[in-house]
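Enquirer: Provided below: structure.txt, containing compact mmCIF, N, CA and C atoms.
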```
# COMPACT_ATOMS: atom_id res chain seq x y z
N MET A 1 -83.80 -10.54 111.32
CA MET A 1 -83.21 -9.88 112.46
C MET A 1 -82.48 -10.92 113.29
N SER A 2 -81.31 -10.59 113.72
CA SER A 2 -80.54 -11.47 114.59
C SER A 2 -81.25 -11.63 115.92
N GLU A 3 -81.29 -12.87 116.42
CA GLU A 3 -81.92 -13.14 117.70
C GLU A 3 -80.91 -13.04 118.84
N GLU A 4 -79.67 -12.78 118.52
CA GLU A 4 -78.60 -12.76 119.52
C GLU A 4 -78.36 -11.35 120.05
N TRP A 5 -78.43 -11.22 121.38
CA TRP A 5 -78.08 -9.95 122.02
C TRP A 5 -76.56 -9.90 122.13
N LYS A 6 -75.98 -8.78 121.77
CA LYS A 6 -74.52 -8.60 121.83
C LYS A 6 -74.18 -7.55 122.87
N ASP A 7 -73.10 -7.78 123.60
CA ASP A 7 -72.64 -6.84 124.61
C ASP A 7 -72.02 -5.63 123.92
N LEU A 8 -72.51 -4.44 124.26
CA LEU A 8 -72.02 -3.19 123.67
C LEU A 8 -71.25 -2.33 124.69
N GLY A 9 -70.99 -2.90 125.86
CA GLY A 9 -70.19 -2.18 126.84
C GLY A 9 -71.00 -1.65 128.00
N PRO A 10 -70.32 -0.94 128.90
CA PRO A 10 -70.98 -0.45 130.10
C PRO A 10 -72.00 0.65 129.79
N ALA A 11 -73.04 0.68 130.60
CA ALA A 11 -74.09 1.71 130.48
C ALA A 11 -73.65 2.92 131.29
N ASP A 12 -72.58 3.57 130.83
CA ASP A 12 -71.99 4.68 131.58
C ASP A 12 -71.87 5.97 130.78
N LEU A 13 -72.54 6.04 129.63
CA LEU A 13 -72.48 7.26 128.81
C LEU A 13 -73.36 8.34 129.42
N ALA A 14 -72.80 9.51 129.61
CA ALA A 14 -73.58 10.65 130.09
C ALA A 14 -74.45 11.18 128.95
N PRO A 15 -75.56 11.84 129.26
CA PRO A 15 -76.37 12.45 128.22
C PRO A 15 -75.53 13.38 127.33
N GLY A 16 -75.75 13.26 126.03
CA GLY A 16 -75.02 14.08 125.06
C GLY A 16 -73.69 13.47 124.62
N LYS A 17 -73.36 12.28 125.12
CA LYS A 17 -72.10 11.61 124.77
C LYS A 17 -72.38 10.41 123.88
N HIS A 18 -71.34 9.99 123.15
CA HIS A 18 -71.44 8.83 122.27
C HIS A 18 -70.09 8.11 122.19
N ARG A 19 -70.13 6.88 121.70
CA ARG A 19 -68.90 6.12 121.49
C ARG A 19 -69.15 5.05 120.43
N GLY A 20 -68.05 4.58 119.86
CA GLY A 20 -68.11 3.50 118.90
C GLY A 20 -67.69 2.20 119.56
N VAL A 21 -68.28 1.10 119.09
CA VAL A 21 -67.97 -0.23 119.59
C VAL A 21 -67.70 -1.14 118.40
N LYS A 22 -66.56 -1.82 118.42
CA LYS A 22 -66.25 -2.79 117.37
C LYS A 22 -66.69 -4.17 117.85
N LEU A 23 -67.65 -4.76 117.15
CA LEU A 23 -68.14 -6.09 117.52
C LEU A 23 -67.42 -7.19 116.77
N SER A 24 -67.02 -6.90 115.54
CA SER A 24 -66.29 -7.86 114.71
C SER A 24 -65.56 -7.07 113.62
N ALA A 25 -64.88 -7.78 112.75
CA ALA A 25 -64.17 -7.11 111.66
C ALA A 25 -65.12 -6.39 110.72
N GLU A 26 -66.42 -6.73 110.78
CA GLU A 26 -67.39 -6.15 109.85
C GLU A 26 -68.54 -5.42 110.54
N GLU A 27 -68.58 -5.43 111.87
CA GLU A 27 -69.71 -4.82 112.56
C GLU A 27 -69.24 -3.80 113.60
N PHE A 28 -69.60 -2.54 113.34
CA PHE A 28 -69.25 -1.43 114.21
C PHE A 28 -70.54 -0.72 114.60
N VAL A 29 -70.68 -0.38 115.88
CA VAL A 29 -71.91 0.22 116.38
C VAL A 29 -71.60 1.56 117.03
N LEU A 30 -72.43 2.54 116.76
CA LEU A 30 -72.37 3.84 117.43
C LEU A 30 -73.46 3.85 118.49
N ILE A 31 -73.08 4.10 119.74
CA ILE A 31 -74.04 4.22 120.83
C ILE A 31 -74.05 5.67 121.28
N ALA A 32 -75.25 6.21 121.48
CA ALA A 32 -75.38 7.60 121.92
C ALA A 32 -76.41 7.68 123.04
N ASN A 33 -76.16 8.58 123.97
CA ASN A 33 -77.11 8.87 125.04
C ASN A 33 -77.74 10.22 124.71
N VAL A 34 -79.02 10.19 124.36
CA VAL A 34 -79.76 11.42 124.03
C VAL A 34 -80.80 11.63 125.13
N GLU A 35 -80.56 12.65 125.94
CA GLU A 35 -81.47 13.02 127.03
C GLU A 35 -81.78 11.83 127.94
N GLY A 36 -80.74 11.03 128.26
CA GLY A 36 -80.88 9.93 129.20
C GLY A 36 -81.34 8.62 128.59
N GLU A 37 -81.52 8.58 127.27
CA GLU A 37 -81.97 7.37 126.59
C GLU A 37 -80.91 6.92 125.59
N TYR A 38 -80.57 5.62 125.63
CA TYR A 38 -79.57 5.08 124.71
C TYR A 38 -80.18 4.75 123.36
N HIS A 39 -79.38 5.05 122.30
CA HIS A 39 -79.75 4.73 120.93
C HIS A 39 -78.50 4.18 120.25
N ALA A 40 -78.70 3.34 119.22
CA ALA A 40 -77.54 2.78 118.50
C ALA A 40 -77.87 2.59 117.03
N ILE A 41 -76.88 2.93 116.20
CA ILE A 41 -76.96 2.73 114.75
C ILE A 41 -75.61 2.18 114.29
N ASP A 42 -75.56 1.73 113.02
CA ASP A 42 -74.27 1.34 112.46
C ASP A 42 -73.30 2.52 112.56
N ASP A 43 -72.05 2.22 112.87
CA ASP A 43 -71.07 3.28 113.10
C ASP A 43 -70.41 3.79 111.83
N TRP A 44 -70.36 3.01 110.79
CA TRP A 44 -69.65 3.48 109.59
C TRP A 44 -70.63 4.05 108.57
N CYS A 45 -70.26 5.19 108.01
CA CYS A 45 -71.06 5.83 106.98
C CYS A 45 -71.02 4.96 105.72
N ASN A 46 -72.18 4.61 105.20
CA ASN A 46 -72.22 3.72 104.05
C ASN A 46 -71.87 4.42 102.73
N HIS A 47 -71.54 5.69 102.79
CA HIS A 47 -71.09 6.41 101.59
C HIS A 47 -69.59 6.29 101.40
N ALA A 48 -68.83 6.56 102.44
CA ALA A 48 -67.36 6.56 102.30
C ALA A 48 -66.67 5.69 103.34
N GLY A 49 -67.43 5.03 104.20
CA GLY A 49 -66.83 4.14 105.19
C GLY A 49 -66.23 4.85 106.39
N CYS A 50 -66.55 6.10 106.58
CA CYS A 50 -66.01 6.84 107.73
C CYS A 50 -66.73 6.42 109.00
N MET A 51 -66.02 6.46 110.12
CA MET A 51 -66.60 6.10 111.40
C MET A 51 -67.39 7.29 111.94
N LEU A 52 -68.69 7.12 112.08
CA LEU A 52 -69.54 8.19 112.58
C LEU A 52 -69.19 8.57 114.01
N SER A 53 -68.68 7.62 114.78
CA SER A 53 -68.32 7.91 116.18
C SER A 53 -67.19 8.93 116.28
N SER A 54 -66.51 9.21 115.17
CA SER A 54 -65.48 10.25 115.15
C SER A 54 -66.08 11.64 114.94
N GLY A 55 -67.37 11.68 114.66
CA GLY A 55 -68.06 12.96 114.42
C GLY A 55 -68.66 13.52 115.69
N ASP A 56 -69.26 14.69 115.55
CA ASP A 56 -69.89 15.38 116.68
C ASP A 56 -71.36 14.99 116.79
N LEU A 57 -71.82 14.86 118.04
CA LEU A 57 -73.23 14.61 118.33
C LEU A 57 -73.86 15.92 118.79
N GLU A 58 -74.91 16.33 118.08
CA GLU A 58 -75.65 17.54 118.45
C GLU A 58 -77.12 17.16 118.55
N GLY A 59 -77.63 17.12 119.78
CA GLY A 59 -78.99 16.63 119.99
C GLY A 59 -79.03 15.16 119.66
N ASP A 60 -79.89 14.79 118.69
CA ASP A 60 -79.93 13.39 118.27
C ASP A 60 -79.27 13.18 116.91
N LEU A 61 -78.51 14.18 116.43
CA LEU A 61 -77.86 14.07 115.12
C LEU A 61 -76.36 13.85 115.27
N ILE A 62 -75.86 12.84 114.57
CA ILE A 62 -74.42 12.60 114.51
C ILE A 62 -73.93 13.08 113.15
N LEU A 63 -72.84 13.81 113.15
CA LEU A 63 -72.29 14.41 111.93
C LEU A 63 -71.15 13.54 111.41
N CYS A 64 -71.28 13.06 110.18
CA CYS A 64 -70.21 12.27 109.55
C CYS A 64 -68.99 13.17 109.39
N PRO A 65 -67.82 12.76 109.90
CA PRO A 65 -66.64 13.60 109.82
C PRO A 65 -66.06 13.73 108.42
N CYS A 66 -66.48 12.90 107.48
CA CYS A 66 -65.91 12.96 106.12
C CYS A 66 -66.69 13.87 105.18
N HIS A 67 -68.00 13.76 105.18
CA HIS A 67 -68.80 14.52 104.23
C HIS A 67 -69.90 15.34 104.89
N TYR A 68 -69.90 15.38 106.21
CA TYR A 68 -70.82 16.22 106.99
C TYR A 68 -72.29 15.84 106.84
N ALA A 69 -72.55 14.60 106.45
CA ALA A 69 -73.93 14.12 106.44
C ALA A 69 -74.38 13.97 107.88
N GLU A 70 -75.66 14.22 108.15
CA GLU A 70 -76.20 14.13 109.50
C GLU A 70 -77.22 13.00 109.58
N PHE A 71 -77.02 12.11 110.54
CA PHE A 71 -77.92 10.99 110.77
C PHE A 71 -78.55 11.11 112.15
N SER A 72 -79.83 10.77 112.24
CA SER A 72 -80.48 10.70 113.55
C SER A 72 -80.06 9.40 114.22
N VAL A 73 -79.54 9.49 115.43
CA VAL A 73 -79.17 8.27 116.16
C VAL A 73 -80.42 7.57 116.69
N LYS A 74 -81.55 8.28 116.71
CA LYS A 74 -82.81 7.66 117.16
C LYS A 74 -83.43 6.80 116.06
N THR A 75 -83.37 7.27 114.82
CA THR A 75 -84.06 6.59 113.72
C THR A 75 -83.13 6.00 112.68
N GLY A 76 -81.88 6.47 112.62
CA GLY A 76 -80.94 6.05 111.58
C GLY A 76 -81.11 6.80 110.28
N VAL A 77 -82.10 7.69 110.19
CA VAL A 77 -82.42 8.39 108.95
C VAL A 77 -81.40 9.49 108.66
N LEU A 78 -80.97 9.56 107.40
CA LEU A 78 -80.12 10.65 106.93
C LEU A 78 -80.97 11.92 106.91
N GLU A 79 -80.58 12.92 107.67
CA GLU A 79 -81.38 14.13 107.84
C GLU A 79 -80.88 15.32 107.02
N SER A 80 -79.79 15.14 106.27
CA SER A 80 -79.22 16.26 105.52
C SER A 80 -79.29 15.99 104.02
N LEU A 81 -79.17 17.07 103.27
CA LEU A 81 -79.15 17.00 101.80
C LEU A 81 -77.80 17.46 101.31
N PRO A 82 -77.31 17.00 100.20
CA PRO A 82 -77.96 16.02 99.32
C PRO A 82 -77.87 14.62 99.91
N ARG A 83 -78.71 13.72 99.40
CA ARG A 83 -78.72 12.33 99.88
C ARG A 83 -77.56 11.58 99.23
N ILE A 84 -76.40 11.67 99.84
CA ILE A 84 -75.22 11.02 99.29
C ILE A 84 -75.03 9.61 99.83
N CYS A 85 -75.87 9.19 100.78
CA CYS A 85 -75.76 7.84 101.33
C CYS A 85 -77.13 7.38 101.82
N ASP A 86 -77.19 6.13 102.23
CA ASP A 86 -78.43 5.54 102.71
C ASP A 86 -78.59 5.76 104.20
N ASP A 87 -79.81 5.51 104.70
CA ASP A 87 -80.06 5.55 106.13
C ASP A 87 -79.24 4.46 106.82
N GLN A 88 -79.00 4.65 108.11
CA GLN A 88 -78.21 3.70 108.89
C GLN A 88 -79.13 2.66 109.55
N THR A 89 -78.62 1.46 109.70
CA THR A 89 -79.34 0.41 110.40
C THR A 89 -79.32 0.69 111.90
N ARG A 90 -80.46 0.47 112.57
CA ARG A 90 -80.56 0.70 114.00
C ARG A 90 -80.40 -0.60 114.78
N TYR A 91 -80.23 -0.46 116.08
CA TYR A 91 -80.13 -1.59 117.00
C TYR A 91 -81.19 -1.44 118.08
N GLU A 92 -81.84 -2.54 118.41
CA GLU A 92 -82.70 -2.59 119.59
C GLU A 92 -81.78 -2.72 120.79
N LEU A 93 -82.02 -1.94 121.84
CA LEU A 93 -81.13 -1.93 123.00
C LEU A 93 -81.88 -2.30 124.28
N ARG A 94 -81.11 -2.82 125.22
CA ARG A 94 -81.58 -3.03 126.59
C ARG A 94 -80.37 -2.89 127.51
N VAL A 95 -80.63 -2.60 128.77
CA VAL A 95 -79.56 -2.52 129.76
C VAL A 95 -79.81 -3.64 130.77
N GLU A 96 -78.79 -4.48 130.95
CA GLU A 96 -78.86 -5.59 131.90
C GLU A 96 -77.58 -5.62 132.71
N GLY A 97 -77.70 -5.59 134.02
CA GLY A 97 -76.52 -5.67 134.88
C GLY A 97 -75.51 -4.57 134.62
N GLY A 98 -76.01 -3.37 134.29
CA GLY A 98 -75.11 -2.25 134.05
C GLY A 98 -74.42 -2.28 132.69
N ARG A 99 -74.83 -3.19 131.80
CA ARG A 99 -74.23 -3.31 130.47
C ARG A 99 -75.31 -3.06 129.41
N ILE A 100 -74.90 -2.40 128.32
CA ILE A 100 -75.79 -2.19 127.19
C ILE A 100 -75.70 -3.42 126.30
N GLN A 101 -76.84 -3.94 125.92
CA GLN A 101 -76.90 -5.06 124.98
C GLN A 101 -77.73 -4.62 123.78
N GLY A 102 -77.36 -5.12 122.61
CA GLY A 102 -78.07 -4.71 121.41
C GLY A 102 -78.27 -5.84 120.42
N LYS A 103 -79.35 -5.72 119.64
CA LYS A 103 -79.65 -6.62 118.53
C LYS A 103 -79.83 -5.76 117.29
N ARG A 104 -79.17 -6.14 116.23
CA ARG A 104 -79.27 -5.41 114.97
C ARG A 104 -80.65 -5.62 114.37
N LEU A 105 -81.30 -4.53 113.98
CA LEU A 105 -82.60 -4.59 113.32
C LEU A 105 -82.41 -4.75 111.82
N PRO A 106 -83.46 -5.10 111.08
CA PRO A 106 -83.33 -5.25 109.62
C PRO A 106 -82.86 -3.95 108.95
N GLU A 107 -82.23 -4.11 107.81
CA GLU A 107 -81.78 -2.96 107.02
C GLU A 107 -82.97 -2.04 106.74
N PRO A 108 -82.78 -0.73 106.83
CA PRO A 108 -83.90 0.18 106.59
C PRO A 108 -84.26 0.28 105.11
N GLU A 109 -85.54 0.53 104.87
CA GLU A 109 -85.98 0.85 103.52
C GLU A 109 -85.54 2.28 103.22
N PRO A 110 -85.17 2.59 101.98
CA PRO A 110 -84.80 3.98 101.67
C PRO A 110 -85.92 4.96 102.05
N SER A 111 -85.55 6.07 102.65
CA SER A 111 -86.56 7.04 103.10
C SER A 111 -86.78 8.15 102.07
N PHE A 112 -86.31 7.96 100.88
CA PHE A 112 -86.53 8.98 99.84
C PHE A 112 -87.29 8.41 98.69
```
Turn the structure described in the file into structure tokens.
Expert:
Amino acid sequence: MSEEWKDLGPADLAPGKHRGVKLSAEEFVLIANVEGEYHAIDDWCNHAGCMLSSGDLEGDLILCPCHYAEFSVKTGVLESLPRICDDQTRYELRVEGGRIQGKRLPEPEPSF
């Protein structure tokens, strides 16, 4: 696990809203506010490379705009069938000085 906290932007997302953050050429993060609590997972779908932040958030599920796979933004787990892709990596989050900071957690073990 990376020991470095990365700035993910202002802590200004209203409940039920989400956004994508580009940290580098290879690291994209989806941040979502679910009932007043921030959650973050990798932003790109590992099946087709689509940006999950372009999809709709319903409750704690983000819908991949390419193949309609549903991921929990709380756990990163793929919640829909068929299992066409792997679970998403999550981020540990904290809010400091009105900014969201995150650390990438280890890759998830397959949940199937």
Enquirer: Of the candidates A:Glu109, A:Glu58, A:Glu92, A:Asp86, which one gets nearest to His39 (chain A) if we count only N, CA and C atoms?
Expert: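 Of all the options, A:Glu92 lies closest to His39 (chain A).
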Enquirer: If I wrap all listed atoms of region 3-16 of chain A in a box with edges along x, y and z and add 5 Å on each side, what are its centre and edge lengths in Å to one decimal, as lines of an AutoDock Vina configuration file?
Expert:
```
center_x = -76.1
center_y = 0.5
center_z = 124.0
size_x = 21.7
size_y = 37.2
size_z = 25.2
```
Enquirer: Need the shell around Gly16 (chain A): protein/DNA/RNA residues with any atom at most 8 Å away, counting all atoms listed in the file. Skip same-chain ones fewer than 3 positions apart. Format as a VMD selection string?
Expert: chain A and resid 13 32 to 37 57 to 59
Enquirer: Identify, on the basis of all atoms listed in the file, every residue whose closest approach to Trp44 (chain A) does not exceed 7 Å; exclude the query and any residue fewer than 6 positions from it along the same chain; express the result as number ranges by chain.
Expert: A: 28-30, 50-53
Enquirer: Restricting the calculation to only C-alpha atoms, which member of A:Lys6, A:Lys22, A:Lys17, A:His67 is positioned closest to Tyr38 (chain A)?
Expert: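 That would be A:Lys17, the residue with the smallest distance to Tyr38 (chain A).
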Enquirer: Quote the spacing between atom N of His18 (chain A) and atom N of Ser54 (chain A) in Å to one decimal place.
Expert: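 It comes out at 9.4 Å.
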Enquirer: CA of Gln88 (chain A) and CA of Thr75 (chain A) are how many Å apart?
Expert: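 Calculated distance between CA of Gln88 (chain A) and CA of Thr75 (chain A) is 8.1 Å.
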Enquirer: Would you please give, as a PyMOL selection string, all residues of chain A that DSSP assigns to strand (DSSP E) based on the backbone?
Expert: chain A and resi 6-10+18-22+28-34+37-42+57-58+61-63+70-72+91-96+99-104
